[in-house]
Amino acid sequence: MRTAVCPGSFDPITYGHLDVIGRAARLFDRVIVAVFQNPGKQPLFSLEERLELARQAVAEWPNVAVETGEGLLARFAAARGACALVKGLRSGADFDYEAPMAHMNARLAAEVDTVFLAARPEHAFISSSLVKEVAGHGGDVRAFVPPHVEAALKRKYAR
């Protein structure tokens, strides 16, 4: 069974993330969406909330599971027998950021390859940060996130 890991902080999960996850679900037998804490970011949603939002968002794909990611990504993937890490790229800047991590992950777990999927044009500008900024100012984010994520954003920003 070919397993891939799609890692991220998913704060919150967007249609851009889901496009990459869905494409990975077609390419691999099993996909693990690994929700990691990013120590460099202050998340809007708790880890538990992000896990639940992600689980609801991927429910249509029977071969996709959502887990908490901890520690080194390469070790996480290797421990689950993954053959690949799947990362979405929106631009060349994303590649410049991701390539050194891919090289380090290859050194840490040679059996796990990094696969980059180019964002589809309609998702290339979507980021969780921009979605939060728009939602925080009362903007309409329906085109960028599933309805349950939009509702969760509205609840967060209503406080």
# chains A, B, ... in the order shown; residues from 1 in each chain; ligands from 1
$ closest_atom_pairs --of "region 29-131 of chain A" --to "region 153-159 of chain A" --cutoff "12 Å" --atoms "only C-alpha atoms" --output "JSON lines"
{"residue": "A:Pro43", "atom": "CA", "partner": "A:Lys156", "partner_atom": "CA", "distance": 11.7}
{"residue": "A:Leu44", "atom": "CA", "partner": "A:Lys156", "partner_atom": "CA", "distance": 8.0}
{"residue": "A:Phe45", "atom": "CA", "partner": "A:Lys156", "partner_atom": "CA", "distance": 8.3}
{"residue": "A:Ser46", "atom": "CA", "partner": "A:Lys156", "partner_atom": "CA", "distance": 11.1}
{"residue": "A:Glu49", "atom": "CA", "partner": "A:Leu153", "partner_atom": "CA", "distance": 11.1}
{"residue": "A:Arg50", "atom": "CA", "partner": "A:Leu153", "partner_atom": "CA", "distance": 11.4}
{"residue": "A:Leu53", "atom": "CA", "partner": "A:Leu153", "partner_atom": "CA", "distance": 10.7}
{"residue": "A:Ser128", "atom": "CA", "partner": "A:Leu153", "partner_atom": "CA", "distance": 11.2}
{"residue": "A:Val131", "atom": "CA", "partner": "A:Leu153", "partner_atom": "CA", "distance": 9.2}
$ select_by_dssp --residues "region 45-129 of chain A" --states "alpha helix (DSSP H)" --output "VMD selection string"
chain A and resid 47 to 57 73 to 79 92 to 108 128 to 129
$ residues_around --residues "His103 (chain A)" --least-positions-apart "4" --cutoff "12 Å" --atoms "only C-alpha atoms" --output "PyMOL selection string"
chain A and resi 74+85+95-99+107-110+112-115
$ atom_distance --atom1 "CA of Arg30 (chain A)" --atom2 "CA of Ala65 (chain A)"
7.9 Å
$ closest_residue --among "A:Ser127, A:Gln37, A:Gln42, A:Asn105" --to "Gly16 (chain A)" --atoms "only C-alpha atoms"
A:Ser127
$ select_by_dssp --residues "region 71-156 of chain A" --states "strand (DSSP E)" --output "list in words"
Ala82, Cys83, Ala84, Leu85, Val86, Lys87, Gly88, Leu89, Asp113, Thr114, Val115, Phe116, Leu117 and Ala118 of chain A
$ write_last_selection --atoms "N, CA and C atoms" --output "PDB file, in the first residue's frame"
ATOM      1  N   ALA A  82       5.126   5.739   5.052  1.00  0.00           N
ATOM      2  CA  ALA A  82       4.836   6.578   3.885  1.00  0.00           C
ATOM      3  C   ALA A  82       5.997   6.538   2.899  1.00  0.00           C
ATOM      4  N   CYS A  83       5.664   6.581   1.627  1.00  0.00           N
ATOM      5  CA  CYS A  83       6.690   6.662   0.580  1.00  0.00           C
ATOM      6  C   CYS A  83       6.836   8.088   0.081  1.00  0.00           C
ATOM      7  N   ALA A  84       5.895   8.975   0.479  1.00  0.00           N
ATOM      8  CA  ALA A  84       5.948  10.342  -0.050  1.00  0.00           C
ATOM      9  C   ALA A  84       5.361  11.359   0.916  1.00  0.00           C
ATOM     10  N   LEU A  85       5.924  12.552   0.832  1.00  0.00           N
ATOM     11  CA  LEU A  85       5.336  13.758   1.411  1.00  0.00           C
ATOM     12  C   LEU A  85       4.773  14.531   0.234  1.00  0.00           C
ATOM     13  N   VAL A  86       3.555  14.984   0.332  1.00  0.00           N
ATOM     14  CA  VAL A  86       2.942  15.741  -0.753  1.00  0.00           C
ATOM     15  C   VAL A  86       2.774  17.178  -0.297  1.00  0.00           C
ATOM     16  N   LYS A  87       3.339  18.084  -1.089  1.00  0.00           N
ATOM     17  CA  LYS A  87       3.279  19.510  -0.782  1.00  0.00           C
ATOM     18  C   LYS A  87       2.705  20.245  -1.980  1.00  0.00           C
ATOM     19  N   GLY A  88       1.841  21.195  -1.720  1.00  0.00           N
ATOM     20  CA  GLY A  88       1.308  22.041  -2.773  1.00  0.00           C
ATOM     21  C   GLY A  88       2.177  23.268  -2.934  1.00  0.00           C
ATOM     22  N   LEU A  89       2.364  23.691  -4.175  1.00  0.00           N
ATOM     23  CA  LEU A  89       3.140  24.893  -4.469  1.00  0.00           C
ATOM     24  C   LEU A  89       2.254  25.899  -5.188  1.00  0.00           C
ATOM     25  N   ASP A 113      10.048  10.238  -0.359  1.00  0.00           N
ATOM     26  CA  ASP A 113      10.264  11.286  -1.358  1.00  0.00           C
ATOM     27  C   ASP A 113       9.299  12.434  -1.124  1.00  0.00           C
ATOM     28  N   THR A 114       9.692  13.626  -1.557  1.00  0.00           N
ATOM     29  CA  THR A 114       8.783  14.769  -1.533  1.00  0.00           C
ATOM     30  C   THR A 114       8.236  14.960  -2.936  1.00  0.00           C
ATOM     31  N   VAL A 115       6.915  15.054  -3.030  1.00  0.00           N
ATOM     32  CA  VAL A 115       6.222  15.260  -4.297  1.00  0.00           C
ATOM     33  C   VAL A 115       5.559  16.630  -4.235  1.00  0.00           C
ATOM     34  N   PHE A 116       5.870  17.464  -5.206  1.00  0.00           N
ATOM     35  CA  PHE A 116       5.264  18.789  -5.273  1.00  0.00           C
ATOM     36  C   PHE A 116       4.139  18.775  -6.299  1.00  0.00           C
ATOM     37  N   LEU A 117       2.988  19.293  -5.903  1.00  0.00           N
ATOM     38  CA  LEU A 117       1.855  19.454  -6.821  1.00  0.00           C
ATOM     39  C   LEU A 117       1.614  20.948  -7.005  1.00  0.00           C
ATOM     40  N   ALA A 118       1.641  21.391  -8.236  1.00  0.00           N
ATOM     41  CA  ALA A 118       1.385  22.798  -8.524  1.00  0.00           C
ATOM     42  C   ALA A 118      -0.077  23.114  -8.245  1.00  0.00           C
TER      43      ALA A 118
END
$ closest_residue --among "A:Ala77, A:Ile13, A:Val20, A:Ala102" --to "Ala152 (chain A)" --atoms "only C-alpha atoms"
A:Ile13
$ atom_distance --atom1 "CA of Ile21 (chain A)" --atom2 "CA of Trp61 (chain A)"
9.3 Å
$ closest_residue --among "A:Ala124, A:Ala106, A:Pro100, A:Cys6" --to "Gly69 (chain A)" --atoms "only C-alpha atoms"
A:Cys6
$ closest_atom_pairs --of "region 14-123 of chain A" --to "region 145-149 of chain A" --cutoff "9 Å" --atoms "only C-alpha atoms" --output "CSV"
residue,atom,partner,partner_atom,distance
A:Thr14,CA,A:Val145,CA,4.6
A:Tyr15,CA,A:Val145,CA,5.3
A:Gly16,CA,A:Val145,CA,8.4
A:Leu53,CA,A:Val149,CA,6.5
A:Ala54,CA,A:Val149,CA,9.0
A:Gln56,CA,A:His148,CA,8.0
A:Ala57,CA,A:Pro146,CA,7.1
$ closest_residue --among "A:Asp19, A:Pro7, A:Met104, A:Phe125" --to "Thr68 (chain A)" --atoms "only C-alpha atoms"
A:Pro7
$ residues_around --residues "Gly22 (chain A)" --least-positions-apart "4" --cutoff "9 Å" --atoms "only C-alpha atoms" --output "ChimeraX atom specification"
/A:17-18,26-27,58,61,64
$ atom_distance --atom1 "CA of Arg23 (chain A)" --atom2 "CA of Ala135 (chain A)"
26.8 Å
